[in-house]
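I have placed the structure first, in the form of structure tokens, so that the comments after it can refer back to it.
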Amino acid sequence: MTTSRRTFAAAGLCGGLGAIVAGEMLDGAGFQDRRKAKSRVAIVEADGYDDSLEDLLLPKIEALAGRLPGRTILLKPNLVEDLPGPVNTNPALVRAAANCFLQLGAKRVIVGEGPGNQRDTEAVLTSSGFAPALGSIGVGFVDLNRDALSLVKLKTHFSGLKRLWLPQTLLAADFVVSMPKVKTHHWAGATLGLKNMFGVVPGSKYGWPKNLLHWHGIDSCVVDIASTVRIDLVIADGIVAMEGDGPLLGRPRKLQRVVISDDPVATDATCARLMGFEPSRIPYLKTAGGFLGNLDGRRIEFLGAHPVLPNEPFAVLPPFRHLLR
Amino acid sequence: MRTRFAAFPRLEHNPDVLAQDITALLESRRLKNGMWSYGANGQAALEPTSFAYMALRSGIEYTGGLTPEPLLRRQRPDGSWPAFDGDVEPSWTTALAIGALTTYDDALPARSKAIARLLRNRGKEADWPWRWKFRWIEREAPIDPTRFGWPWMPETVSWVVPTSFSVLALKQWLACQSDVGAKARVKTGVSMLIDRCCTDGGWNAGNKTVFGSALPSHIEPTAVALLALQGESGSFTNRSLEWLARNATGQVSVMAQSWSVLSLFVYGLNVHNLKIALANRLRQTAEIQDNVSLALAILALRVGEVIHPFEAIA
């Protein structure tokens, strides 16, 4: 019940990249190439989800986030289901990030997500450990599936969609942080900072799962959403990642890394390299690398450690073997 | 603009007193336009409004001024309802609005129009060439496209929850109407639900397997699908009922507990302990922001004493 990767790769990518050149899929009202001359990415080594995370994250967030005092920060984790295994962004990482933003002067931190499969958000919040983790620091949660909505014109049209209803909490935030779990994905190959933003599309309008986006092509919708909503920073949870049959039934894979950047394409490209994937073989990432951010490793500057390719790449389902370097 | 909730009322352990308290809370959250929003955001939406109507009007003693006008005003010319104020497209909430209007005699024309719309609406897999595509090309998440139901919104395929509410609406309609078209759609919808049943016996959104891996069931779609399957063959529903009864115990969300009570009750199972667990959960919760959960909790706490809005005579 989705437009397959092959369909997008064949029809979307070939046509899509050509259309970028032609400017046909970009909004006519002055859409700009957002790629920086150099994107900055920090790879933080972390053994686990303990109290040291806050100290590890703070200097990197301070270096990459820019001015924060007085701003409302929306943290958007990947919160999917109440399943065992590394399905969701770990709540300890989200709590640590929230504390960092508060320490750096943010006026308010909100955590928001719209789970894609489960309508029962309270069940997911409770069983995943998010409810106690956020409650302990007084940070509120907004169910983006059931938020007040505004109709927003998309800035690119790879999917063919012109507009989407989006949550007002997302639109009102001064600073949006995508906090994905680093995982393989049975439809998209990998789910990282860009794909994570699927969760902002409201179920109350589009259903559970968000089937309209599947019909218009997951890869192309990822690009349209990422080009339209702000992603000021990505903090990717790769401490315990997922390989194999992700995003729900895969195996835990200890990557022991948190990847942080103000360029979502550069973050995803770095995560893909850490997984042993060739980033440009992930269709949405290749398209996004054409105008949204830097895919090319030569245009990425690392604050500290450089990515080290794994001895063993992440296990993938057979249709995604071509992703391996 | 966000509105603020009134302070959460004192929650008593006794389910009856508790039900009165949260009923008052739900009434206090009614918007000036007569509708309810999902949370405190103030944007009127059909789902919380429909469940609030069911919860408040289910008690025979209800004397509040809840008229059908707010819902009737929002019905589209084609008989459907949009999901929320500001939206103009038909949505899955049409089946819920039908349920909310069931107890209003003067809403019969609106319900008739909505039923006609439900009969015209179907998942995209029902149409050629999508049927062919799902049968022969897209087999990663296999479905039988001849068994179609209802989508969340136009131009998408059928899913378990909208199909379940639509089947329920049609079954309740058929309790007092003779409608061959409705009977046929109920039959197809029921077969779709059976086709989408997970290997463990319950339901999730509607993908039982992806790339050969079985996906797990969830409480809410299982409970709602079982409500839609009232009156269907016992051997099939028994397995699903066992799954729900086994997994309902230990659930921690108000929504899961409420749907479990409402569903297991119509099959004659004892839900006393589940009601106590729900009452305890409500008592421990500082504030329930979600009006859908609140309305369902009222119905679950009072199940057996008031009209069950999801009961369907086959």
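Ordering of the structure tokens sets the chain letters (A, B, ...); residue numbers start at 1 within each chain; ligands are numbered from 1 in the order shown.
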
* Surrounding residues of Leu72 (chain B) excluding itself and chain neighbours under 4 positions, 9 Å, only C-alpha atoms, as a ChimeraX atom specification -> /B:68,76,101,107,110

Could you work out which residues of chain A fall inside 7 Å of chain B? Count only C-alpha atoms, and format the result as a compact mmCIF listing (two decimals) with C-alpha atoms, in the first residue's frame.
# COMPACT_ATOMS: atom_id res chain seq x y z
CA MET A 1 0.00 0.00 0.00
CA ASN A 117 0.83 3.53 13.04
CA ASP A 120 -3.12 5.53 20.90
CA GLU A 122 -0.77 7.81 25.36
CA ALA A 123 0.08 4.10 25.13
CA ARG A 146 -4.34 15.87 16.97
CA ASP A 147 -3.00 19.40 17.04
CA ALA A 148 -4.79 22.42 15.54
CA SER A 204 -6.48 13.30 12.20
CA LYS A 205 -6.50 14.48 8.59
CA TYR A 206 -4.39 11.93 6.72
CA GLY A 207 -5.02 8.79 8.78
CA TRP A 208 -2.90 6.13 10.43
CA PRO A 209 -0.64 5.40 8.60
CA ASN A 211 -1.51 6.82 3.47
CA LEU A 212 -1.80 9.84 1.20
CA TRP A 215 0.31 7.09 -2.53

* Surrounding residues of Arg281 (chain A) excluding itself and chain neighbours under 2 positions, 12 Å, only C-alpha atoms, as a VMD selection string -> chain A and resid 5 to 6 9 13 188 to 190 219 269 272 to 273 276 to 279 283 to 289 295 320 to 325

* Determine, counting only C-alpha atoms, which protein, DNA and RNA residues have an atom within 10 Å of an atom of region 222-226 of chain B; residues of the same chain fewer than 5 positions away are not included. Present the result as a ChimeraX atom specification. => /B:160-165,167-168,190,193-194,197-198,201-205,217,231-232,237-238,240-241,243-245,248,256-264,266-267,310

* Mind the document's chain letters and residue numbers, and return as a PyMOL selection string the residues of region 139-260 of chain A that DSSP labels alpha helix (DSSP H). => chain A and resi 168-172+203-206+211-215+218-228

Residues just named, written with N, CA and C atoms as an mmCIF file, in the first residue's frame:
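The resulting file, part_5.cif, is shown below:
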data_model
loop_
_atom_site.group_PDB
_atom_site.id
_atom_site.type_symbol
_atom_site.label_atom_id
_atom_site.label_comp_id
_atom_site.auth_asym_id
_atom_site.auth_seq_id
_atom_site.Cartn_x
_atom_site.Cartn_y
_atom_site.Cartn_z
ATOM 1 N N GLN A 168 -0.098 23.432 14.028
ATOM 2 C CA GLN A 168 0.248 24.813 14.366
ATOM 3 C C GLN A 168 1.405 24.887 15.365
ATOM 4 N N THR A 169 1.550 23.870 16.200
ATOM 5 C CA THR A 169 2.679 23.852 17.137
ATOM 6 C C THR A 169 4.000 23.828 16.370
ATOM 7 N N LEU A 170 4.027 23.049 15.306
ATOM 8 C CA LEU A 170 5.230 22.982 14.462
ATOM 9 C C LEU A 170 5.475 24.326 13.784
ATOM 10 N N LEU A 171 4.409 24.895 13.249
ATOM 11 C CA LEU A 171 4.553 26.131 12.480
ATOM 12 C C LEU A 171 4.911 27.321 13.379
ATOM 13 N N ALA A 172 4.497 27.242 14.638
ATOM 14 C CA ALA A 172 4.743 28.368 15.550
ATOM 15 C C ALA A 172 6.116 28.276 16.232
ATOM 16 N N GLY A 203 -2.340 12.682 11.613
ATOM 17 C CA GLY A 203 -3.218 11.536 11.394
ATOM 18 C C GLY A 203 -4.687 11.916 11.381
ATOM 19 N N SER A 204 -5.063 12.930 12.145
ATOM 20 C CA SER A 204 -6.483 13.300 12.202
ATOM 21 C C SER A 204 -7.003 13.693 10.822
ATOM 22 N N LYS A 205 -6.105 14.147 9.956
ATOM 23 C CA LYS A 205 -6.497 14.481 8.591
ATOM 24 C C LYS A 205 -6.120 13.352 7.615
ATOM 25 N N TYR A 206 -4.916 12.842 7.746
ATOM 26 C CA TYR A 206 -4.388 11.933 6.724
ATOM 27 C C TYR A 206 -4.446 10.459 7.109
ATOM 28 N N ASN A 211 -1.468 7.555 4.727
ATOM 29 C CA ASN A 211 -1.513 6.817 3.466
ATOM 30 C C ASN A 211 -1.423 7.703 2.235
ATOM 31 N N LEU A 212 -1.884 8.934 2.348
ATOM 32 C CA LEU A 212 -1.804 9.840 1.196
ATOM 33 C C LEU A 212 -0.346 10.025 0.775
ATOM 34 N N LEU A 213 0.538 10.111 1.776
ATOM 35 C CA LEU A 213 1.964 10.307 1.476
ATOM 36 C C LEU A 213 2.528 9.065 0.793
ATOM 37 N N HIS A 214 2.048 7.896 1.187
ATOM 38 C CA HIS A 214 2.501 6.660 0.542
ATOM 39 C C HIS A 214 2.061 6.645 -0.917
ATOM 40 N N TRP A 215 0.817 7.088 -1.157
ATOM 41 C CA TRP A 215 0.313 7.088 -2.528
ATOM 42 C C TRP A 215 1.058 8.065 -3.423
ATOM 43 N N ILE A 218 6.766 7.870 -0.994
ATOM 44 C CA ILE A 218 7.414 8.211 0.273
ATOM 45 C C ILE A 218 8.614 9.113 0.029
ATOM 46 N N ASP A 219 9.450 8.733 -0.917
ATOM 47 C CA ASP A 219 10.683 9.497 -1.135
ATOM 48 C C ASP A 219 10.388 10.936 -1.549
ATOM 49 N N SER A 220 9.449 11.095 -2.458
ATOM 50 C CA SER A 220 9.156 12.454 -2.919
ATOM 51 C C SER A 220 8.473 13.271 -1.823
ATOM 52 N N CYS A 221 7.638 12.622 -1.005
ATOM 53 C CA CYS A 221 6.988 13.352 0.096
ATOM 54 C C CYS A 221 8.009 13.755 1.162
ATOM 55 N N VAL A 222 8.999 12.889 1.407
ATOM 56 C CA VAL A 222 10.049 13.246 2.364
ATOM 57 C C VAL A 222 10.693 14.562 1.940
ATOM 58 N N VAL A 223 10.989 14.673 0.657
ATOM 59 C CA VAL A 223 11.659 15.878 0.155
ATOM 60 C C VAL A 223 10.721 17.086 0.240
ATOM 61 N N ASP A 224 9.469 16.907 -0.141
ATOM 62 C CA ASP A 224 8.526 18.035 -0.100
ATOM 63 C C ASP A 224 8.318 18.544 1.327
ATOM 64 N N ILE A 225 8.214 17.617 2.269
ATOM 65 C CA ILE A 225 8.003 18.036 3.665
ATOM 66 C C ILE A 225 9.260 18.721 4.189
ATOM 67 N N ALA A 226 10.408 18.121 3.913
ATOM 68 C CA ALA A 226 11.660 18.686 4.437
ATOM 69 C C ALA A 226 11.964 20.050 3.827
ATOM 70 N N SER A 227 11.508 20.273 2.624
ATOM 71 C CA SER A 227 11.772 21.576 2.011
ATOM 72 C C SER A 227 10.788 22.635 2.509
ATOM 73 N N THR A 228 9.705 22.199 3.118
ATOM 74 C CA THR A 228 8.650 23.143 3.523
ATOM 75 C C THR A 228 8.706 23.492 5.009
#

* To do: Enumerate, as a count of residues only, the complete set of residues in region 55-301 of chain A that a backbone-based DSSP assignment places in strand (DSSP E).
  => 63

* Near region 102-109 of chain A, within 12 Å and counting only C-alpha atoms, which residues show up once chain neighbours fewer than 5 positions away are dropped, as number ranges by chain? -> A: 54-55, 57-76, 94-97, 134, 137-142, 169, 173-177

Requested write-out: C-alpha atoms of the selected residues, as a PDB file, in the first residue's frame:
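The resulting file, result_20.pdb, is reproduced below:
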ATOM      1  CA  GLU A  54      23.874  16.029  28.564  1.00  0.00           C
ATOM      2  CA  ASP A  55      27.542  16.961  29.027  1.00  0.00           C
ATOM      3  CA  LEU A  57      25.649  17.105  23.769  1.00  0.00           C
ATOM      4  CA  LEU A  58      25.869  20.583  25.276  1.00  0.00           C
ATOM      5  CA  PRO A  59      29.046  21.890  23.557  1.00  0.00           C
ATOM      6  CA  LYS A  60      27.963  20.520  20.175  1.00  0.00           C
ATOM      7  CA  ILE A  61      24.469  21.982  20.381  1.00  0.00           C
ATOM      8  CA  GLU A  62      25.947  25.276  21.515  1.00  0.00           C
ATOM      9  CA  ALA A  63      28.295  25.268  18.536  1.00  0.00           C
ATOM     10  CA  LEU A  64      25.679  24.318  15.955  1.00  0.00           C
ATOM     11  CA  ALA A  65      22.358  25.750  17.090  1.00  0.00           C
ATOM     12  CA  GLY A  66      23.080  29.455  16.966  1.00  0.00           C
ATOM     13  CA  ARG A  67      21.223  31.909  19.148  1.00  0.00           C
ATOM     14  CA  LEU A  68      18.683  30.252  21.431  1.00  0.00           C
ATOM     15  CA  PRO A  69      17.657  32.642  24.241  1.00  0.00           C
ATOM     16  CA  GLY A  70      13.978  33.499  24.147  1.00  0.00           C
ATOM     17  CA  ARG A  71      13.150  30.911  21.503  1.00  0.00           C
ATOM     18  CA  THR A  72      10.572  28.123  21.613  1.00  0.00           C
ATOM     19  CA  ILE A  73      12.182  24.826  20.680  1.00  0.00           C
ATOM     20  CA  LEU A  74      10.245  21.881  19.269  1.00  0.00           C
ATOM     21  CA  LEU A  75      11.997  18.534  19.618  1.00  0.00           C
ATOM     22  CA  LYS A  76      10.571  16.009  17.180  1.00  0.00           C
ATOM     23  CA  VAL A  94      15.466  13.592  24.216  1.00  0.00           C
ATOM     24  CA  ARG A  95      15.533  14.562  27.896  1.00  0.00           C
ATOM     25  CA  ALA A  96      19.255  15.369  27.665  1.00  0.00           C
ATOM     26  CA  ALA A  97      18.676  17.498  24.567  1.00  0.00           C
ATOM     27  CA  LEU A 134       9.609  14.322  30.087  1.00  0.00           C
ATOM     28  CA  ILE A 137      11.973  17.788  33.739  1.00  0.00           C
ATOM     29  CA  GLY A 138       8.609  19.473  33.237  1.00  0.00           C
ATOM     30  CA  VAL A 139       8.706  19.400  29.433  1.00  0.00           C
ATOM     31  CA  GLY A 140       5.323  19.100  27.751  1.00  0.00           C
ATOM     32  CA  PHE A 141       4.331  16.806  24.888  1.00  0.00           C
ATOM     33  CA  VAL A 142       2.099  17.763  21.955  1.00  0.00           C
ATOM     34  CA  THR A 169       2.679  23.852  17.137  1.00  0.00           C
ATOM     35  CA  ALA A 173       8.024  26.933  16.880  1.00  0.00           C
ATOM     36  CA  ASP A 174      11.076  29.193  16.572  1.00  0.00           C
ATOM     37  CA  PHE A 175      13.469  26.287  16.258  1.00  0.00           C
ATOM     38  CA  VAL A 176      12.725  22.709  15.176  1.00  0.00           C
ATOM     39  CA  VAL A 177      14.972  19.772  16.005  1.00  0.00           C
TER      40      VAL A 177
END

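Residues with any atom within 9 Å of Phe291 (chain A), counting only C-alpha atoms and excluding same-chain neighbours fewer than 6 positions away, are Ile20, Gln32, Asp33, Arg34 and Arg35 of chain A.
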
* **d(CA of Asp127 (chain B), CA of Gln118 (chain A)) in Å** => 27.4 Å

* Asked: Interatomic distance between CA of Asn121 (chain B) and CA of Arg185 (chain B)?
  -> 10.1 Å
